[in-house]
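Visitor: Have a look at the structure that comes next, please.
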Amino acid sequence: GYKLLLKMGWKEGQGIGKAGNEGALAPLSTTIAMNDSQLGLGKASQYNTMLEETATETAEKRRRLEEGDASVALLRASAEAKREEIAIAKSAELASFRCDWCAKQYANVTEWEGHLQSYGHVHTRNMKELRLAEAQRRNASSGLTRGEKRDKEARRAERELNRRMKAAGALPAHKATAP
């Protein structure tokens with residue numbers, strides 16, 4: 001809440017309110033309003049110590065926030081770099097437990113080996129291998145490149161045009177210009 005207030009333009013010592021900043025100047029009290037006899041031996045002093053430590057930590061955080069302490073930004077940057085480093089190491093370690101046929105990632109060797117022996121994996125692998133072999137067979141049987149296929153189609157279209165022209169009684173264009 002403190003950061004949000006600072007972002008909205010509030011300054012310490014001002015009141016919080018709609019008109020004229022007439023709200024409360026001090027934050028809510030953090031003391032425990034309980035009868036010590038209800039808490040048990042030493043529990044009240046333990047609570048007060050915890051509250052004092054929390055108040056000290058909060059005041060330190062506020063001080064750093066107000067000062068714009070570069071060390072906080074540096075700590076955050078180093079923590080983020082450490083998280084990225086761990087993520088990269090984890091993905092490199094888990095890469096060995098990835099099934100490329102099924103596009104699935106496994107956390108450990110037991111899960112991975114179980115998957116490799118499953119019906120789903122074997123079926124997926126066999127179907128993909130079958131499709132790949134069929135595609136290779138189709139490509140190998142035609143033996144023509146795209147350019148060769150285009151030329152072959154152009155020759156077929158020219159033969160068809162010549163056949164139609166001959167049937168209509170007109171000479172094909174290449175024979176009409178011949179001497």
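Residue numbers start at 1 in each chain; chains themselves are named A, B, ... in the order of the structure tokens; ligands are numbered from 1 in the order shown.
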Which neighbours of Arg62 (chain A) fall inside 10 Å, counting only C-alpha atoms, when residues of the same chain fewer than 5 positions from it are skipped, and could you give them as a list of chain:residue names?

Guide: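 These residues fall inside the cut-off: A:Tyr2, A:Lys3, A:Thr56, A:Glu57, A:Glu67, A:Gly68.
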
Visitor: Dump all heavy atoms for the selected residues as a PDB file, in the first residue's frame?

Guide:
ATOM      1  N   TYR A   2       1.998   1.201   0.675  1.00  0.00           N
ATOM      2  CA  TYR A   2       2.856   2.372   0.791  1.00  0.00           C
ATOM      3  C   TYR A   2       3.386   2.778  -0.584  1.00  0.00           C
ATOM      4  O   TYR A   2       3.369   3.961  -0.945  1.00  0.00           O
ATOM      5  CB  TYR A   2       4.012   2.054   1.752  1.00  0.00           C
ATOM      6  CG  TYR A   2       4.916   3.228   2.032  1.00  0.00           C
ATOM      7  CD1 TYR A   2       4.520   4.237   2.890  1.00  0.00           C
ATOM      8  CD2 TYR A   2       6.157   3.319   1.431  1.00  0.00           C
ATOM      9  CE1 TYR A   2       5.352   5.319   3.144  1.00  0.00           C
ATOM     10  CE2 TYR A   2       6.992   4.386   1.665  1.00  0.00           C
ATOM     11  CZ  TYR A   2       6.579   5.389   2.533  1.00  0.00           C
ATOM     12  OH  TYR A   2       7.394   6.463   2.771  1.00  0.00           O
ATOM     13  N   LYS A   3       3.827   1.809  -1.390  1.00  0.00           N
ATOM     14  CA  LYS A   3       4.334   2.112  -2.727  1.00  0.00           C
ATOM     15  C   LYS A   3       3.245   2.737  -3.586  1.00  0.00           C
ATOM     16  O   LYS A   3       3.479   3.688  -4.331  1.00  0.00           O
ATOM     17  CB  LYS A   3       4.831   0.836  -3.419  1.00  0.00           C
ATOM     18  CG  LYS A   3       6.100   0.276  -2.879  1.00  0.00           C
ATOM     19  CD  LYS A   3       6.467  -0.973  -3.668  1.00  0.00           C
ATOM     20  CE  LYS A   3       7.678  -1.660  -3.093  1.00  0.00           C
ATOM     21  NZ  LYS A   3       8.014  -2.873  -3.850  1.00  0.00           N
ATOM     22  N   THR A  56      10.500  -2.347  11.987  1.00  0.00           N
ATOM     23  CA  THR A  56      11.858  -1.955  11.595  1.00  0.00           C
ATOM     24  C   THR A  56      12.116  -2.320  10.127  1.00  0.00           C
ATOM     25  O   THR A  56      12.652  -1.510   9.366  1.00  0.00           O
ATOM     26  CB  THR A  56      12.892  -2.661  12.489  1.00  0.00           C
ATOM     27  OG1 THR A  56      12.594  -2.380  13.855  1.00  0.00           O
ATOM     28  CG2 THR A  56      14.302  -2.207  12.165  1.00  0.00           C
ATOM     29  N   GLU A  57      11.727  -3.527   9.731  1.00  0.00           N
ATOM     30  CA  GLU A  57      11.908  -3.950   8.342  1.00  0.00           C
ATOM     31  C   GLU A  57      11.116  -3.061   7.394  1.00  0.00           C
ATOM     32  O   GLU A  57      11.607  -2.664   6.334  1.00  0.00           O
ATOM     33  CB  GLU A  57      11.467  -5.403   8.170  1.00  0.00           C
ATOM     34  CG  GLU A  57      12.388  -6.401   8.813  1.00  0.00           C
ATOM     35  CD  GLU A  57      11.815  -7.817   8.763  1.00  0.00           C
ATOM     36  OE1 GLU A  57      10.788  -8.037   8.088  1.00  0.00           O
ATOM     37  OE2 GLU A  57      12.409  -8.692   9.412  1.00  0.00           O
ATOM     38  N   GLU A  67      14.643   6.603  -1.151  1.00  0.00           N
ATOM     39  CA  GLU A  67      15.950   7.023  -1.633  1.00  0.00           C
ATOM     40  C   GLU A  67      16.188   6.558  -3.068  1.00  0.00           C
ATOM     41  O   GLU A  67      17.073   7.076  -3.752  1.00  0.00           O
ATOM     42  CB  GLU A  67      17.064   6.444  -0.741  1.00  0.00           C
ATOM     43  CG  GLU A  67      17.104   7.031   0.643  1.00  0.00           C
ATOM     44  CD  GLU A  67      18.133   6.340   1.522  1.00  0.00           C
ATOM     45  OE1 GLU A  67      18.774   5.378   1.049  1.00  0.00           O
ATOM     46  OE2 GLU A  67      18.293   6.754   2.666  1.00  0.00           O
ATOM     47  N   GLY A  68      15.410   5.598  -3.525  1.00  0.00           N
ATOM     48  CA  GLY A  68      15.653   5.037  -4.856  1.00  0.00           C
ATOM     49  C   GLY A  68      16.959   4.262  -4.852  1.00  0.00           C
ATOM     50  O   GLY A  68      17.754   4.347  -5.771  1.00  0.00           O
TER      51      GLY A  68
END

Visitor: Running DSSP on the backbone, which parts of region 30-162 of chain A land in helix (DSSP H, G or I), as a PyMOL selection string?

Guide: chain A and resi 36-38+43-67+70-97+109-116+119-142+146-162

Visitor: Rank nothing, just name the residue among A:Glu148, A:Glu66, A:Glu129, A:Glu60 nearest to Glu12 (chain A), using only C-alpha atoms.

Guide: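 Distance minimum relative to Glu12 (chain A) lands on A:Glu66.
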
Visitor: Using only C-alpha atoms, find the one residue out of A:Ala140, A:Leu4, A:Leu130, A:Leu41 that sits nearest to Leu65 (chain A).

Guide: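 Comparing A:Ala140, A:Leu4, A:Leu130, A:Leu41 against Leu65 (chain A), the winner is A:Leu4.
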